[in-house]
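Raw contents of protein03.cif, mmCIF, C-alpha atoms:
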```
data_upload
loop_
_atom_site.label_atom_id
_atom_site.label_comp_id
_atom_site.auth_asym_id
_atom_site.auth_seq_id
_atom_site.Cartn_x
_atom_site.Cartn_y
_atom_site.Cartn_z
CA MET A 298 65.11 50.24 153.68
CA LEU A 299 67.54 53.15 153.48
CA LYS A 300 69.41 53.44 150.23
CA ILE A 301 72.08 55.75 148.96
CA SER A 302 72.65 55.58 145.22
CA THR A 303 75.48 57.38 143.51
CA ASN A 304 77.16 57.51 140.14
CA ILE A 305 80.57 57.33 141.83
CA PHE A 306 79.67 53.99 143.39
CA LYS A 307 82.43 52.25 141.47
CA LYS A 308 84.98 54.76 142.68
CA ILE A 309 84.11 54.36 146.34
CA SER A 310 86.18 51.84 148.24
CA GLU A 311 84.62 49.25 150.54
CA GLU A 312 86.10 51.09 153.49
CA GLU A 313 84.46 54.33 152.43
CA LYS A 314 81.15 52.54 152.00
CA LYS A 315 81.50 51.25 155.54
CA ASP A 316 82.26 54.77 156.77
CA ILE A 317 79.04 55.95 155.15
CA GLN A 318 77.08 53.09 156.70
CA ASN A 319 78.61 53.67 160.12
CA LEU A 320 77.94 57.40 160.08
CA GLY A 321 74.37 56.75 159.03
CA LYS A 322 73.65 53.99 161.52
CA ASP A 323 71.43 56.37 163.56
CA PHE A 324 68.93 56.11 160.71
CA GLY A 325 69.12 52.33 160.46
CA SER A 326 70.77 50.00 158.02
CA ILE A 327 71.96 51.83 154.92
CA SER A 328 72.83 50.13 151.67
CA VAL A 329 74.93 51.86 149.02
CA HIS A 330 74.04 51.37 145.35
CA ASP A 331 75.23 52.27 141.91
CA TYR A 332 73.32 54.86 139.93
CA SER A 333 74.15 55.48 136.33
CA GLU A 334 72.70 57.48 133.50
CA LYS A 335 73.79 58.22 130.00
CA GLY A 336 74.55 61.68 128.77
CA ILE A 337 77.23 64.13 127.75
CA GLY A 338 79.53 65.42 130.48
CA LEU A 339 77.68 63.57 133.24
CA GLU A 340 80.79 61.85 134.52
CA GLU A 341 81.86 65.18 136.02
CA VAL A 342 78.62 65.62 137.94
CA ILE A 343 78.35 63.62 141.12
CA LYS A 344 74.81 62.55 141.91
CA VAL A 345 73.78 61.12 145.24
CA ILE A 346 70.24 59.91 145.82
CA PHE A 347 68.94 59.25 149.30
CA GLN A 348 65.89 57.00 149.49
CA GLY A 349 63.88 55.93 152.49
CA PHE A 350 64.98 58.76 154.75
CA ALA A 351 61.87 59.94 156.61
CA LEU A 352 62.41 63.68 156.67
CA LYS A 353 59.68 64.55 159.16
CA GLY A 354 61.21 62.36 161.89
CA ILE A 355 64.71 63.55 161.01
CA ILE A 356 63.77 67.22 161.19
CA GLU A 357 62.11 66.75 164.58
CA ASN A 358 65.20 65.04 165.94
CA THR A 359 68.23 67.33 166.24
CA VAL A 360 70.68 64.39 166.44
CA LEU A 361 69.30 62.81 163.26
CA TRP A 362 69.27 66.16 161.47
CA GLY A 363 72.92 66.65 162.43
CA SER A 364 73.75 63.11 161.30
CA LEU A 365 72.17 63.71 157.91
CA LYS A 366 74.28 66.83 157.49
CA GLU A 367 77.42 64.91 158.47
CA LEU A 368 76.53 62.10 156.11
CA ILE A 369 76.23 64.49 153.19
CA GLY A 370 79.47 66.15 154.27
CA LEU A 371 81.23 62.77 154.32
CA ILE A 372 79.96 61.87 150.85
CA PHE A 373 81.06 65.29 149.60
CA ASN A 374 84.55 64.79 151.02
CA ILE A 375 84.81 61.29 149.54
CA SER A 376 83.75 62.75 146.16
CA VAL A 377 86.37 65.49 146.39
CA LYS A 378 89.08 62.86 146.92
CA LYS A 379 88.07 61.08 143.72
CA PHE A 380 88.66 64.09 141.50
CA ASP A 381 91.64 66.36 141.20
CA LYS A 382 89.47 69.41 140.58
CA PRO A 383 86.59 71.13 142.36
CA VAL A 384 83.47 69.02 142.20
CA GLU A 385 79.77 69.61 142.34
CA VAL A 386 77.78 67.11 144.32
CA GLN A 387 74.09 67.00 143.49
CA VAL A 388 71.87 65.57 146.20
CA TRP A 389 68.31 64.27 145.91
CA ILE A 390 66.51 63.17 149.04
CA SER A 391 63.47 61.14 148.13
CA ASP A 392 61.06 60.48 150.98
CA ALA A 393 58.06 58.27 150.31
CA SER A 394 57.25 57.57 153.96
CA ASN A 395 54.25 59.92 153.97
CA LEU A 396 51.04 59.98 151.97
CA ALA A 397 52.60 62.74 149.91
CA ALA A 398 56.03 62.13 148.43
CA LEU A 399 58.75 64.58 149.35
CA ASN A 400 61.69 65.33 147.09
CA VAL A 401 64.46 67.62 148.22
CA VAL A 402 67.08 68.58 145.64
CA PHE A 403 70.15 70.73 145.87
CA SER A 404 73.80 70.84 144.88
CA ILE A 405 76.91 71.69 146.84
CA LYS A 406 80.29 72.90 145.70
CA LYS A 407 81.79 73.53 149.12
CA GLU A 408 81.35 71.58 152.33
CA SER A 409 80.71 74.86 154.17
CA GLU A 410 77.51 75.38 152.13
CA ILE A 411 75.82 72.40 153.77
CA HIS A 412 75.17 74.08 157.11
CA ASP A 413 73.41 77.15 155.64
CA LEU A 414 71.44 75.06 153.18
CA PHE A 415 70.23 72.72 155.90
CA THR A 416 69.34 75.52 158.30
CA ALA A 417 67.14 77.17 155.67
CA LEU A 418 65.76 73.81 154.51
CA ARG A 419 64.65 72.86 158.00
CA ILE A 420 62.75 76.12 158.36
CA LYS A 421 61.20 75.79 154.89
CA LEU A 422 60.07 72.19 155.40
CA ASN A 423 58.57 72.99 158.78
CA GLU A 424 56.81 76.16 157.64
CA ASP A 425 55.56 75.04 154.24
CA VAL A 426 54.96 71.33 154.71
CA PHE A 427 55.03 69.72 158.14
CA SER A 428 53.43 72.47 160.26
CA LYS A 429 50.48 72.47 157.84
CA GLY A 430 50.27 68.67 157.71
CA LYS A 431 50.71 68.78 153.94
CA GLU A 432 52.77 65.61 153.94
CA GLN A 433 49.48 63.78 154.57
CA GLU A 434 47.93 64.95 151.29
CA LYS A 435 47.56 61.70 149.43
CA GLY A 436 48.88 61.54 145.90
CA LYS A 437 50.69 64.86 146.08
CA ILE A 438 54.35 65.24 145.24
CA PHE A 439 56.37 67.98 146.92
CA TRP A 440 59.43 69.10 145.06
CA ILE A 441 61.63 71.26 147.22
CA ALA A 442 64.56 72.79 145.35
CA PHE A 443 67.15 75.43 146.07
CA ASP A 444 67.15 78.41 143.71
CA LYS A 445 70.70 79.70 143.57
CA GLU A 446 69.79 83.02 141.99
CA ASN A 447 67.50 84.06 144.83
CA GLU A 448 69.28 81.86 147.38
CA ASP A 449 66.00 80.48 148.57
CA TRP A 450 64.27 77.15 148.83
CA LEU A 451 61.26 76.80 146.55
CA VAL A 452 58.42 74.36 147.04
CA LYS A 453 56.50 73.04 144.08
CA VAL A 454 53.43 70.89 144.65
CA LEU A 455 52.46 68.45 141.94
CA MET B 1483 88.09 230.82 163.64
CA VAL B 1484 85.11 229.97 161.67
CA LEU B 1485 87.35 228.42 159.10
CA VAL B 1486 89.11 226.41 161.70
CA LYS B 1487 85.82 225.42 163.15
CA ASN B 1488 84.56 224.55 159.72
CA ASN B 1489 87.69 222.67 159.01
CA PHE B 1490 87.47 220.98 162.29
CA MET B 1491 83.89 220.10 161.62
CA PHE B 1492 84.84 219.06 158.19
CA ILE B 1493 87.58 216.92 159.58
CA TYR B 1494 85.25 215.72 162.24
CA ALA B 1495 82.71 215.00 159.59
CA ILE B 1496 85.32 213.25 157.55
CA VAL B 1497 86.52 211.36 160.60
CA ALA B 1498 82.96 210.61 161.57
CA THR B 1499 82.13 209.52 158.05
CA THR B 1500 85.25 207.49 157.89
CA SER B 1501 84.40 205.94 161.22
CA GLU B 1502 80.88 205.12 160.01
CA ILE B 1503 82.31 203.71 156.84
CA VAL B 1504 84.70 201.62 158.86
CA ASP B 1505 81.82 200.57 161.12
CA PHE B 1506 79.77 199.81 158.09
CA LYS B 1507 82.62 197.83 156.53
CA ILE B 1508 83.05 195.89 159.74
CA ALA B 1509 79.33 195.23 159.83
CA GLU B 1510 79.35 194.30 156.19
CA ASN B 1511 82.25 191.87 156.68
CA TYR B 1512 80.59 190.47 159.75
CA PHE B 1513 77.36 189.76 157.97
CA SER B 1514 79.19 188.61 154.93
CA ASP B 1515 81.08 186.09 157.03
CA ILE B 1516 77.87 184.92 158.63
CA LEU B 1517 76.26 184.72 155.27
CA ASN B 1518 79.19 182.87 153.87
CA ALA B 1519 79.18 180.50 156.79
CA GLN B 1520 75.46 179.94 156.38
CA LEU B 1521 75.93 179.47 152.71
CA VAL B 1522 78.60 176.91 153.36
CA ILE B 1523 76.41 175.14 155.93
CA PHE B 1524 73.46 175.31 153.62
CA SER B 1525 75.57 174.06 150.76
CA VAL B 1526 76.86 171.23 152.92
CA ILE B 1527 73.31 170.35 153.99
CA VAL B 1528 72.10 170.49 150.41
CA ALA B 1529 75.09 168.49 149.26
CA ALA B 1530 74.46 166.00 152.08
CA LEU B 1531 70.81 165.80 151.15
CA ILE B 1532 71.66 165.31 147.49
CA ALA B 1533 74.26 162.73 148.42
CA PHE B 1534 71.83 160.99 150.75
CA TYR B 1535 69.13 161.16 148.14
CA PHE B 1536 71.52 159.86 145.54
CA LEU B 1537 72.77 157.09 147.80
CA PHE B 1538 69.24 156.20 148.84
CA ASN B 1539 68.10 156.12 145.24
CA PHE B 1540 71.21 154.26 144.29
CA LYS B 1541 70.62 151.67 146.96
CA ILE B 1542 66.94 151.36 146.14
CA SER B 1543 67.75 151.13 142.47
CA LYS B 1544 70.44 148.54 143.13
CA GLU B 1545 68.06 146.49 145.28
CA GLN B 1546 65.34 146.81 142.70
CA ILE B 1547 67.67 145.90 139.91
CA ARG B 1548 68.91 142.93 141.92
CA LYS B 1549 65.35 141.84 142.62
CA GLU B 1550 64.35 142.31 139.05
CA ILE B 1551 67.38 140.40 137.83
CA GLU B 1552 66.70 137.65 140.33
CA LYS B 1553 63.08 137.50 139.26
CA ILE B 1554 64.01 137.42 135.60
CA SER B 1555 66.68 134.88 136.38
CA GLU B 1556 64.22 132.72 138.35
CA ASP B 1557 61.60 133.01 135.64
CA PHE B 1558 64.17 132.16 133.03
CA LYS B 1559 65.48 129.28 135.09
CA LYS B 1560 61.97 127.97 135.65
CA ALA B 1561 61.16 128.30 131.99
CA ILE B 1562 64.32 126.42 131.06
CA GLN B 1563 63.62 123.82 133.75
CA ASP B 1564 60.06 123.34 132.54
CA GLU B 1565 61.27 123.08 129.00
CA ASN B 1566 64.01 120.64 129.98
CA GLU B 1567 61.64 118.58 132.06
CA ALA B 1568 59.21 118.39 129.20
CA LYS B 1569 62.01 117.41 126.84
CA ILE B 1570 63.45 114.87 129.29
CA LYS B 1571 60.00 113.42 129.87
CA GLU B 1572 59.42 113.12 126.16
CA LEU B 1573 62.87 111.61 125.63
CA SER B 1574 62.42 109.22 128.55
CA GLU B 1575 59.09 108.08 127.23
CA ASN B 1576 60.51 107.57 123.77
CA LEU B 1577 63.58 105.87 125.18
CA ALA B 1578 61.50 103.63 127.45
CA LYS B 1579 59.33 102.71 124.52
CA LYS B 1580 62.35 101.93 122.39
CA LEU B 1581 64.02 100.06 125.23
CA VAL B 1582 60.94 97.94 125.80
CA GLU B 1583 60.83 97.22 122.08
CA HIS B 1584 64.51 96.31 122.05
CA GLU B 1585 64.27 94.46 125.33
CA ASP B 1586 61.43 92.39 123.92
CA MET B 1587 63.49 91.79 120.79
CA ILE B 1588 66.47 90.73 122.91
CA THR B 1589 64.22 88.53 125.06
CA VAL B 1590 62.80 86.89 121.97
CA LEU B 1591 66.32 86.44 120.63
CA ARG B 1592 67.38 84.91 123.94
CA GLY B 1593 64.34 82.65 123.80
CA THR B 1594 65.26 81.63 120.26
CA VAL B 1595 68.80 80.74 121.37
CA HIS B 1596 67.41 78.71 124.29
CA ARG B 1597 64.97 77.02 121.95
CA THR B 1598 67.84 76.07 119.64
CA LEU B 1599 69.72 74.59 122.59
CA GLY B 1600 66.58 72.70 123.60
CA GLN B 1601 66.38 71.26 120.09
CA PHE B 1602 70.08 70.41 120.14
CA TRP B 1603 69.94 68.53 123.45
CA ASP B 1604 66.78 66.74 122.35
CA SER B 1605 68.61 65.63 119.21
CA GLU B 1606 71.44 64.38 121.46
CA LYS B 1607 68.84 62.46 123.48
CA SER B 1608 69.83 64.43 126.59
CA TYR B 1609 66.24 65.13 127.44
CA ALA B 1610 66.95 66.24 131.00
CA THR B 1611 69.26 68.95 129.68
CA ALA B 1612 66.86 69.87 126.88
CA PHE B 1613 64.08 70.29 129.43
CA ILE B 1614 65.70 73.23 131.25
CA TRP B 1615 66.49 74.95 127.92
CA TRP B 1616 62.87 74.60 126.85
CA ILE B 1617 61.75 76.09 130.16
CA ARG B 1618 64.15 79.01 129.69
CA ALA B 1619 62.88 79.52 126.15
CA ALA B 1620 59.24 79.37 127.28
CA HIS B 1621 59.96 81.89 130.03
CA ASN B 1622 61.61 84.32 127.62
CA PHE B 1623 58.88 83.99 125.01
CA SER B 1624 56.17 84.46 127.64
CA ILE B 1625 57.66 87.65 129.05
CA ALA B 1626 58.16 89.03 125.53
CA GLY B 1627 54.52 88.30 124.76
CA GLU B 1628 55.31 85.70 122.10
CA GLU B 1629 52.40 83.44 123.00
CA ASN B 1630 52.73 80.91 120.21
CA LEU B 1631 56.44 80.41 120.76
CA ALA B 1632 55.90 80.15 124.52
CA ARG B 1633 53.24 77.47 124.02
CA LEU B 1634 55.52 75.59 121.63
CA ALA B 1635 58.41 75.73 124.11
CA LEU B 1636 56.21 74.52 126.97
CA GLY B 1637 54.98 71.69 124.76
CA SER B 1638 58.55 70.75 123.87
CA ALA B 1639 59.53 70.84 127.56
CA ARG B 1640 56.70 68.38 128.25
CA GLU B 1641 57.86 66.09 125.44
CA SER B 1642 61.42 66.16 126.82
CA VAL B 1643 60.24 65.35 130.34
CA GLU B 1644 58.16 62.45 129.09
CA LYS B 1645 61.29 60.95 127.55
CA ILE B 1646 63.28 61.17 130.79
CA ASN B 1647 63.63 57.82 132.53
CA PHE B 1648 63.72 59.19 136.08
CA GLY B 1649 63.41 62.60 137.65
CA TYR B 1650 66.87 61.98 139.09
CA GLU B 1651 68.28 62.50 135.62
CA LEU B 1652 67.50 66.21 135.81
CA ASN B 1653 70.26 68.61 136.79
CA TYR B 1654 69.52 69.15 140.49
CA ASP B 1655 71.40 72.42 140.36
CA LEU B 1656 68.84 73.80 137.90
CA ILE B 1657 65.59 72.55 139.40
CA GLY B 1658 65.31 75.65 141.58
CA GLU B 1659 65.73 77.79 138.46
CA TYR B 1660 63.08 75.75 136.63
CA GLN B 1661 60.64 76.24 139.51
CA ARG B 1662 61.23 79.98 139.63
CA LEU B 1663 60.94 80.45 135.86
CA PHE B 1664 57.92 78.19 135.61
CA ALA B 1665 56.16 80.15 138.38
CA GLU B 1666 56.77 83.39 136.43
CA ILE B 1667 55.02 82.08 133.31
CA ASN B 1668 51.44 83.37 133.23
CA ASP B 1669 49.18 80.78 134.88
CA LYS B 1670 45.98 81.84 133.15
CA LEU B 1671 47.32 82.38 129.66
CA TYR B 1672 49.25 79.12 129.51
CA LYS B 1673 47.14 77.07 131.92
CA ILE B 1674 46.68 74.07 129.62
CA GLU B 1675 50.34 73.85 128.68
CA LYS B 1676 51.48 74.32 132.28
CA ASP B 1677 49.04 71.73 133.62
CA LEU B 1678 50.12 69.22 130.99
CA LEU B 1679 53.76 69.82 131.83
CA ASP B 1680 53.07 69.41 135.57
CA THR B 1681 51.32 66.12 134.87
CA ALA B 1682 54.28 64.93 132.80
CA ILE B 1683 56.73 65.93 135.54
CA LYS B 1684 54.62 64.20 138.16
CA GLY B 1685 54.71 61.05 136.04
CA THR B 1686 58.49 61.25 135.72
CA LEU B 1687 58.98 61.83 139.44
CA SER B 1688 56.76 58.87 140.25
CA LYS B 1689 58.96 56.44 138.34
CA LYS B 1690 60.83 54.13 140.67
CA LEU B 1691 64.59 54.03 140.53
CA GLU B 1692 66.14 50.93 139.10
CA GLU B 1693 68.65 49.60 141.58
CA LYS B 1694 72.07 48.19 140.93
CA GLY B 1695 75.05 47.38 143.08
#
```

Write the structure described by the file as structure tokens, please.
Amino acid sequence: MLKISTNIFKKISEEEKKDIQNLGKDFGSISVHDYSEKGIGLEEVIKVIFQGFALKGIIENTVLWGSLKELIGLIFNISVKKFDKPVEVQVWISDASNLAALNVVFSIKKESEIHDLFTALRIKLNEDVFSKGKEQEKGKIFWIAFDKENEDWLVKVL
Amino acid sequence: MVLVKNNFMFIYAIVATTSEIVDFKIAENYFSDILNAQLVIFSVIVAALIAFYFLFNFKISKEQIRKEIEKISEDFKKAIQDENEAKIKELSENLAKKLVEHEDMITVLRGTVHRTLGQFWDSEKSYATAFIWWIRAAHNFSIAGEENLARLALGSARESVEKINFGYELNYDLIGEYQRLFAEINDKLYKIEKDLLDTAIKGTLSKKLEEKG
């Protein structure tokens, strides 16, 4: 089951939810959920959590990879509409379809950033995880995050 | 007749003598001119030789003086350079030492500020925010060689992570920074603390997301 959870769930119209589902239909049926957490200043941070998206299959398929980029772009644009100021959309892709869990985290402030981030991410995932069959290491958790200071994807294995 | 003859002879003698004197005078002038000319030539040659000798000596002396001055100048320059280099080296070493001392002090100060922020966010129950401040504090303390403070900060980071409901609560923008800083903390020196923190993070990431909507 593919799920997208976000803390702006209540701000998204039914039409926008349908747009998300339609754009993501290549992956299968997507359900959109509410995600909330308590904390100071969190209402200004947009969090979007993707669950059930099998990254290995998506990376191997150019169409799916492109669709994932477009889906994130759409959610970013919907988020921008909800606020009158520049927004930061934080994305977490959680993939538990392999023996090892994969977590990809990053944030975007401009739609144009998505392309570069995804290009580098694809290379990183292929080189550090999939080409070495590391996703089959049972019980391991891969945490792939983007380090803005060095502008590089980092992989942490837990 | 005899008188006339004598007179004539006398006159002749006088004339002859006068003629010889004239000849002699001419000869004397001639030789004198030659002598004078030779003297002039000789003087010119001598003067030329003296001048040449003087010029040659002057040039040699000038060249020698120039070389000597250059040599002295080079030696002096080298001596000053050596002295300066030695002084600069000494100053650099002292400065580097002082800078390292101050840098460490600044790093510790920075770590202390981060630690305070970690404590603040913990007190606000924003454990996800506190976590990154603890990591920053631990990183600063570790690079400044403050082992105890680094261990304490790593321990506090673990406690914060254990209180987080889901990994999703972390600031995704800062996870890359956490990974980079955490990797820079000495693996051998802080192995226990780092392993415990990794275990805590793994536990937090393994928690399933509660669904709504």

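Minimum atom-to-atom distance to chain A, evaluated using all atoms listed in the file, belongs to B:Lys1607 out of B:Arg1592, B:Lys1569, B:Lys1607, B:Arg1633.
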
Select from chain B every residue with an atom at most 12 Å from any atom of chain A, then for each give the shortest pair of atoms and their distance in Å to one decimal, using all atoms listed in the file, rows by chain and rising number, as CSV.
```
residue,atom,partner,partner_atom,distance
B:Trp1603,CA,A:Ile337,CA,9.5
B:Asp1604,CA,A:Gly336,CA,11.3
B:Ser1605,CA,A:Gly336,CA,11.9
B:Glu1606,CA,A:Gly336,CA,8.4
B:Lys1607,CA,A:Gly336,CA,7.8
B:Ser1608,CA,A:Gly336,CA,5.9
B:Tyr1609,CA,A:Gly336,CA,9.1
B:Ala1610,CA,A:Gly336,CA,9.1
B:Thr1611,CA,A:Gly336,CA,9.0
B:Ala1612,CA,A:Gly336,CA,11.4
B:Ile1646,CA,A:Glu334,CA,10.5
B:Asn1647,CA,A:Glu334,CA,9.1
B:Phe1648,CA,A:Glu334,CA,9.5
B:Gly1649,CA,A:Trp389,CA,9.7
B:Tyr1650,CA,A:Trp389,CA,7.3
B:Glu1651,CA,A:Glu334,CA,7.0
B:Leu1652,CA,A:Val402,CA,10.1
B:Asn1653,CA,A:Gln387,CA,7.9
B:Tyr1654,CA,A:Phe403,CA,5.6
B:Asp1655,CA,A:Ser404,CA,5.4
B:Leu1656,CA,A:Asp444,CA,7.6
B:Ile1657,CA,A:Ala442,CA,6.0
B:Gly1658,CA,A:Asp444,CA,3.9
B:Glu1659,CA,A:Asp444,CA,5.5
B:Tyr1660,CA,A:Asp444,CA,8.6
B:Gln1661,CA,A:Lys453,CA,6.9
B:Arg1662,CA,A:Asp444,CA,7.4
B:Leu1663,CA,A:Asp444,CA,10.2
B:Phe1664,CA,A:Lys453,CA,10.0
B:Ala1665,CA,A:Lys453,CA,9.1
B:Lys1676,CA,A:Leu455,CA,11.3
B:Asp1677,CA,A:Leu455,CA,9.6
B:Leu1678,CA,A:Leu455,CA,11.2
B:Leu1679,CA,A:Leu455,CA,10.3
B:Asp1680,CA,A:Leu455,CA,6.5
B:Thr1681,CA,A:Leu455,CA,7.5
B:Ala1682,CA,A:Leu455,CA,10.0
B:Ile1683,CA,A:Leu455,CA,8.1
B:Lys1684,CA,A:Leu455,CA,6.1
B:Gly1685,CA,A:Leu455,CA,9.7
B:Thr1686,CA,A:Ile438,CA,11.1
B:Leu1687,CA,A:Ile438,CA,8.2
B:Ser1688,CA,A:Ile438,CA,8.4
B:Lys1689,CA,A:Ser391,CA,11.8
B:Lys1690,CA,A:Gln348,CA,10.6
B:Leu1691,CA,A:Tyr332,CA,8.8
B:Glu1692,CA,A:Tyr332,CA,8.2
B:Glu1693,CA,A:His330,CA,6.8
B:Lys1694,CA,A:Asp331,CA,5.3
B:Gly1695,CA,A:His330,CA,4.7
```

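Interatomic distance, CA of Glu1666 in chain B to CA of Gly430 in chain A: 26.7 Å.
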
### Query
Quick one, how far is CA of Phe1534 in chain B from CA of Ile1554 in chain B?
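We find that CA of Phe1534 in chain B and CA of Ile1554 in chain B lie 29.1 Å from each other.
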
### Query
Which one of A:Thr416, A:Ser376, A:Ser409, A:Asn423 sits closest to Asn304 in chain A if you count only C-alpha atoms?
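Comparing A:Thr416, A:Ser376, A:Ser409, A:Asn423 against Asn304 in chain A, the winner is A:Ser376.
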
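Here CA of Lys366 in chain A stands at a distance of 13.1 Å from CA of Lys407 in chain A.
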
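Among A:Lys378, A:Ile327, A:Asp316, A:Lys435, the residue with the shortest atom-to-atom distance to Ser394 in chain A, counting only C-alpha atoms, is A:Lys435.
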
### Query
Any chance you could work out the residue set of the PyMOL selection byres ((chain A and resi 365) around 12) here, as a VMD selection string?
chain A and resid 301 317 to 318 320 to 324 347 350 to 352 354 to 356 358 to 364 366 to 372 388 390 411 to 412 415 419

### Query
Counting all atoms listed in the file, which of B:Phe1558, B:Phe1513, B:Phe1524, B:Tyr1672 gets nearest to Gly1627 in chain B?
B:Tyr1672

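Proximity ranking of A:Met298, A:Val384, A:Ala417, A:Ile375 relative to Glu313 in chain A places A:Ile375 first, based on all atoms listed in the file.
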
Picked residues, the PyMOL selection byres ((chain B and resi 1631) around 12), as a PDB file with C-alpha atoms, keeping the file's coordinate frame:
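Writing the result to out39.pdb gives the following:
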```pdb
ATOM      1  CA  VAL B1590      62.800  86.890 121.970  1.00  0.00           C
ATOM      2  CA  LEU B1591      66.320  86.440 120.630  1.00  0.00           C
ATOM      3  CA  GLY B1593      64.340  82.650 123.800  1.00  0.00           C
ATOM      4  CA  THR B1594      65.260  81.630 120.260  1.00  0.00           C
ATOM      5  CA  HIS B1596      67.410  78.710 124.290  1.00  0.00           C
ATOM      6  CA  ARG B1597      64.970  77.020 121.950  1.00  0.00           C
ATOM      7  CA  TRP B1616      62.870  74.600 126.850  1.00  0.00           C
ATOM      8  CA  ILE B1617      61.750  76.090 130.160  1.00  0.00           C
ATOM      9  CA  ARG B1618      64.150  79.010 129.690  1.00  0.00           C
ATOM     10  CA  ALA B1619      62.880  79.520 126.150  1.00  0.00           C
ATOM     11  CA  ALA B1620      59.240  79.370 127.280  1.00  0.00           C
ATOM     12  CA  HIS B1621      59.960  81.890 130.030  1.00  0.00           C
ATOM     13  CA  ASN B1622      61.610  84.320 127.620  1.00  0.00           C
ATOM     14  CA  PHE B1623      58.880  83.990 125.010  1.00  0.00           C
ATOM     15  CA  SER B1624      56.170  84.460 127.640  1.00  0.00           C
ATOM     16  CA  ILE B1625      57.660  87.650 129.050  1.00  0.00           C
ATOM     17  CA  ALA B1626      58.160  89.030 125.530  1.00  0.00           C
ATOM     18  CA  GLY B1627      54.520  88.300 124.760  1.00  0.00           C
ATOM     19  CA  GLU B1628      55.310  85.700 122.100  1.00  0.00           C
ATOM     20  CA  GLU B1629      52.400  83.440 123.000  1.00  0.00           C
ATOM     21  CA  ASN B1630      52.730  80.910 120.210  1.00  0.00           C
ATOM     22  CA  ALA B1632      55.900  80.150 124.520  1.00  0.00           C
ATOM     23  CA  ARG B1633      53.240  77.470 124.020  1.00  0.00           C
ATOM     24  CA  LEU B1634      55.520  75.590 121.630  1.00  0.00           C
ATOM     25  CA  ALA B1635      58.410  75.730 124.110  1.00  0.00           C
ATOM     26  CA  LEU B1636      56.210  74.520 126.970  1.00  0.00           C
ATOM     27  CA  GLY B1637      54.980  71.690 124.760  1.00  0.00           C
ATOM     28  CA  SER B1638      58.550  70.750 123.870  1.00  0.00           C
ATOM     29  CA  TYR B1672      49.250  79.120 129.510  1.00  0.00           C
ATOM     30  CA  GLU B1675      50.340  73.850 128.680  1.00  0.00           C
TER      31      GLU B1675
END
```

Padding of 6 Å on every side, edges along x, y and z, all listed atoms of range 304-311 of chain A included: what centre and edge lengths in Å, to one decimal, does that box have, as lines of an AutoDock Vina configuration file?
```
center_x = 81.7
center_y = 53.4
center_z = 145.3
size_x = 21.0
size_y = 20.3
size_z = 22.4
```
